[in-house]
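Note: the block below is protein_16.pdb and it holds PDB, C-alpha atoms.
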```pdb
ATOM      1  CA  MET A  12      94.088 143.024  92.628  1.00  0.00           C
ATOM      2  CA  PHE A  13      95.290 140.671  95.347  1.00  0.00           C
ATOM      3  CA  GLN A  14      93.748 140.852  98.839  1.00  0.00           C
ATOM      4  CA  LYS A  15      94.414 139.070 102.142  1.00  0.00           C
ATOM      5  CA  LEU A  16      91.214 137.613 103.617  1.00  0.00           C
ATOM      6  CA  LYS A  17      90.916 137.722 107.380  1.00  0.00           C
ATOM      7  CA  GLY A  18      87.419 136.827 108.508  1.00  0.00           C
ATOM      8  CA  GLU A  19      85.076 139.481 107.145  1.00  0.00           C
ATOM      9  CA  LYS A  20      87.945 141.884 106.459  1.00  0.00           C
ATOM     10  CA  LYS A  21      90.014 142.232 103.299  1.00  0.00           C
ATOM     11  CA  LYS A  22      93.433 143.858 103.143  1.00  0.00           C
ATOM     12  CA  TYR A  23      94.903 145.130  99.867  1.00  0.00           C
ATOM     13  CA  VAL A  24      98.221 143.453  99.047  1.00  0.00           C
ATOM     14  CA  ALA A  25      99.137 144.108  95.419  1.00  0.00           C
ATOM     15  CA  ASN A  26      97.830 145.154  92.041  1.00  0.00           C
ATOM     16  CA  THR A  27      98.942 144.373  88.507  1.00  0.00           C
ATOM     17  CA  THR A  28      97.825 144.600  84.898  1.00  0.00           C
ATOM     18  CA  VAL A  29      96.829 141.847  82.502  1.00  0.00           C
ATOM     19  CA  GLU A  30      98.931 141.607  79.354  1.00  0.00           C
ATOM     20  CA  ASN A  31      98.374 138.932  76.694  1.00  0.00           C
ATOM     21  CA  GLU A  32      95.908 137.228  79.068  1.00  0.00           C
ATOM     22  CA  GLU A  33      98.644 136.792  81.704  1.00  0.00           C
ATOM     23  CA  PHE A  34      99.511 138.554  84.934  1.00  0.00           C
ATOM     24  CA  ASN A  35     101.930 138.226  87.833  1.00  0.00           C
ATOM     25  CA  PHE A  36     101.829 139.346  91.442  1.00  0.00           C
ATOM     26  CA  VAL A  37     104.812 139.873  93.658  1.00  0.00           C
ATOM     27  CA  ILE A  38     103.685 139.111  97.178  1.00  0.00           C
ATOM     28  CA  PRO A  39     105.643 141.155  99.743  1.00  0.00           C
ATOM     29  CA  GLU A  40     108.140 139.080 101.737  1.00  0.00           C
ATOM     30  CA  ASN A  41     106.495 139.810 105.081  1.00  0.00           C
ATOM     31  CA  SER A  42     103.031 138.646 103.945  1.00  0.00           C
ATOM     32  CA  GLU A  43     101.405 136.193 106.309  1.00  0.00           C
ATOM     33  CA  SER A  44     100.149 132.776 105.271  1.00  0.00           C
ATOM     34  CA  GLY A  45      96.429 132.359 104.731  1.00  0.00           C
ATOM     35  CA  MET A  46      93.596 132.857 102.258  1.00  0.00           C
ATOM     36  CA  TYR A  47      93.938 135.498  99.570  1.00  0.00           C
ATOM     37  CA  ARG A  48      91.469 136.719  96.973  1.00  0.00           C
ATOM     38  CA  LEU A  49      92.668 137.220  93.421  1.00  0.00           C
ATOM     39  CA  PHE A  50      90.489 139.645  91.447  1.00  0.00           C
ATOM     40  CA  TYR A  51      91.055 139.167  87.740  1.00  0.00           C
ATOM     41  CA  ASP A  52      88.065 141.167  86.468  1.00  0.00           C
ATOM     42  CA  ASN A  53      87.330 144.121  88.749  1.00  0.00           C
ATOM     43  CA  GLU A  54      84.615 145.538  86.496  1.00  0.00           C
ATOM     44  CA  ASN A  55      82.496 142.403  86.902  1.00  0.00           C
ATOM     45  CA  GLY A  56      83.665 141.450  90.410  1.00  0.00           C
ATOM     46  CA  ARG A  57      85.219 138.173  89.227  1.00  0.00           C
ATOM     47  CA  TYR A  58      87.725 136.515  91.521  1.00  0.00           C
ATOM     48  CA  PHE A  59      88.833 133.282  93.076  1.00  0.00           C
ATOM     49  CA  ASP A  60      90.543 132.418  96.333  1.00  0.00           C
ATOM     50  CA  VAL A  61      93.969 130.885  96.842  1.00  0.00           C
ATOM     51  CA  ILE A  62      96.012 129.750  99.813  1.00  0.00           C
ATOM     52  CA  TYR A  63      99.351 131.465 100.302  1.00  0.00           C
ATOM     53  CA  ASN A  64     101.839 129.600 102.484  1.00  0.00           C
ATOM     54  CA  GLN A  65     105.163 131.333 101.864  1.00  0.00           C
ATOM     55  CA  GLU A  66     105.588 129.640  98.479  1.00  0.00           C
ATOM     56  CA  ALA A  67     105.049 130.588  94.856  1.00  0.00           C
ATOM     57  CA  ILE A  68     101.644 129.998  93.321  1.00  0.00           C
ATOM     58  CA  ASP A  69     101.484 129.154  89.626  1.00  0.00           C
ATOM     59  CA  VAL A  70      97.930 128.814  88.339  1.00  0.00           C
ATOM     60  CA  THR A  71      96.238 128.815  84.951  1.00  0.00           C
ATOM     61  CA  PHE A  72      92.482 129.123  84.553  1.00  0.00           C
ATOM     62  CA  ASP A  73      89.667 129.932  82.177  1.00  0.00           C
ATOM     63  CA  ALA A  74      88.440 133.412  83.142  1.00  0.00           C
ATOM     64  CA  SER A  75      84.828 132.425  82.419  1.00  0.00           C
ATOM     65  CA  SER A  76      84.942 129.691  85.070  1.00  0.00           C
ATOM     66  CA  PRO A  77      88.043 129.836  87.295  1.00  0.00           C
ATOM     67  CA  GLU A  78      86.525 127.807  90.118  1.00  0.00           C
ATOM     68  CA  LYS A  79      86.105 124.842  87.748  1.00  0.00           C
ATOM     69  CA  SER A  80      89.164 125.290  85.557  1.00  0.00           C
ATOM     70  CA  ALA A  81      91.992 126.354  87.891  1.00  0.00           C
ATOM     71  CA  VAL A  82      95.082 124.176  87.522  1.00  0.00           C
ATOM     72  CA  PHE A  83      97.927 124.725  89.969  1.00  0.00           C
ATOM     73  CA  ALA A  84     101.376 123.813  88.640  1.00  0.00           C
ATOM     74  CA  ILE A  85     102.861 124.205  92.118  1.00  0.00           C
ATOM     75  CA  SER A  86     101.460 124.781  95.627  1.00  0.00           C
ATOM     76  CA  GLU A  87     100.289 121.547  97.213  1.00  0.00           C
ATOM     77  CA  GLU A  88      97.811 123.433  99.452  1.00  0.00           C
ATOM     78  CA  ASN A  89      96.066 124.915  96.430  1.00  0.00           C
ATOM     79  CA  LYS A  90      96.041 121.607  94.559  1.00  0.00           C
ATOM     80  CA  LEU A  91      94.325 120.003  97.556  1.00  0.00           C
ATOM     81  CA  TYR A  92      91.946 122.963  97.994  1.00  0.00           C
ATOM     82  CA  GLN A  93      90.979 122.851  94.292  1.00  0.00           C
ATOM     83  CA  SER A  94      90.428 119.092  94.509  1.00  0.00           C
ATOM     84  CA  TYR A  95      88.144 119.632  97.509  1.00  0.00           C
ATOM     85  CA  LEU A  96      86.139 122.335  95.705  1.00  0.00           C
ATOM     86  CA  ASN A  97      85.748 120.095  92.653  1.00  0.00           C
ATOM     87  CA  SER A  98      84.636 117.124  94.780  1.00  0.00           C
ATOM     88  CA  ILE A  99      81.880 119.035  96.609  1.00  0.00           C
ATOM     89  CA  GLU A 100      80.580 120.925  93.578  1.00  0.00           C
ATOM     90  CA  SER A 101      77.853 118.436  92.602  1.00  0.00           C
ATOM     91  CA  GLN A 102      76.647 118.141  96.195  1.00  0.00           C
ATOM     92  CA  GLN A 103      76.593 121.929  96.543  1.00  0.00           C
ATOM     93  CA  LEU A 104      74.493 122.216  93.363  1.00  0.00           C
ATOM     94  CA  LYS A 105      72.001 119.671  94.763  1.00  0.00           C
ATOM     95  CA  LEU A 106      71.767 121.573  98.048  1.00  0.00           C
ATOM     96  CA  ASP A 107      71.289 124.875  96.222  1.00  0.00           C
ATOM     97  CA  SER A 108      68.516 123.322  94.087  1.00  0.00           C
ATOM     98  CA  ILE A 109      66.689 122.044  97.180  1.00  0.00           C
ATOM     99  CA  GLN A 110      66.925 125.440  98.850  1.00  0.00           C
ATOM    100  CA  ILE A 111      65.641 127.246  95.739  1.00  0.00           C
ATOM    101  CA  PHE A 112      62.779 124.745  95.428  1.00  0.00           C
ATOM    102  CA  ASN A 113      61.815 125.222  99.103  1.00  0.00           C
ATOM    103  CA  VAL A 114      61.857 129.009  98.781  1.00  0.00           C
ATOM    104  CA  ASN A 115      59.779 128.918  95.585  1.00  0.00           C
ATOM    105  CA  SER A 116      57.267 126.411  96.988  1.00  0.00           C
ATOM    106  CA  THR A 117      56.602 128.538 100.103  1.00  0.00           C
ATOM    107  CA  THR A 118      56.185 131.803  98.198  1.00  0.00           C
ATOM    108  CA  PRO A 119      52.500 132.809  97.930  1.00  0.00           C
ATOM    109  CA  ALA A 120      51.116 132.950  94.378  1.00  0.00           C
TER     110      ALA A 120
END
```
Using the file provided, produce a representation of the structure as structure tokens.
Amino acid sequence: MFQKLKGEKKKYVANTTVENEEFNFVIPENSESGMYRLFYDNENGRYFDVIYNQEAIDVTFDASSPEKSAVFAISEENKLYQSYLNSIESQQLKLDSIQIFNVNSTTPA
């Protein structure tokens, strides 16, 4: 399933089936540019976000870890976005660890 993200709201755009571990979406011509969510495993709620800017998006990824493995063949916006996500990952993990530690250390025994 492919959804347009607009703040807290999500708008259904297209659906498709996976065949031989591949799938394609045809985005309607009048679709606006912006962030879209690509659900590739509805049963487990697995997805990742892409930027659509009136151009084709060609991406390959490992379904077990799309946020770390996505490789965009085209779409400069998505290449830059993926590079940004990869560059902040270690810092985000450190921040998450600090927050978990603080929550656990303030919880009464």
request  = Write out as an MDAnalysis selection string which residues come within 8 Å of Ile68 of chain A when counting all atoms listed in the file, dropping same-chain ones fewer than 4 positions away.
outcome  = chainID A and resid 63 83:86
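Interatomic distance, atom CA of Gly56 of chain A against atom CA of Asp69 of chain A: 21.7 Å.
Ranking A:Ser44, A:Glu100, A:Ala81, A:Phe50 by their shortest atom-to-atom distance to Asn64 of chain A, with all atoms listed in the file included, puts A:Ser44 first.
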ask   = What gap, in Å, lies between atom CA of Asp52 of chain A and atom CA of Glu33 of chain A?
value =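 Atom-to-atom, atom CA of Asp52 of chain A to atom CA of Glu33 of chain A, that is 12.4 Å.
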Residues matched by the PyMOL selection byres ((chain A and resi 62) around 10), written as a PyMOL selection string = chain A and resi 15-16+44-48+60-61+63-66+68+86-90+92
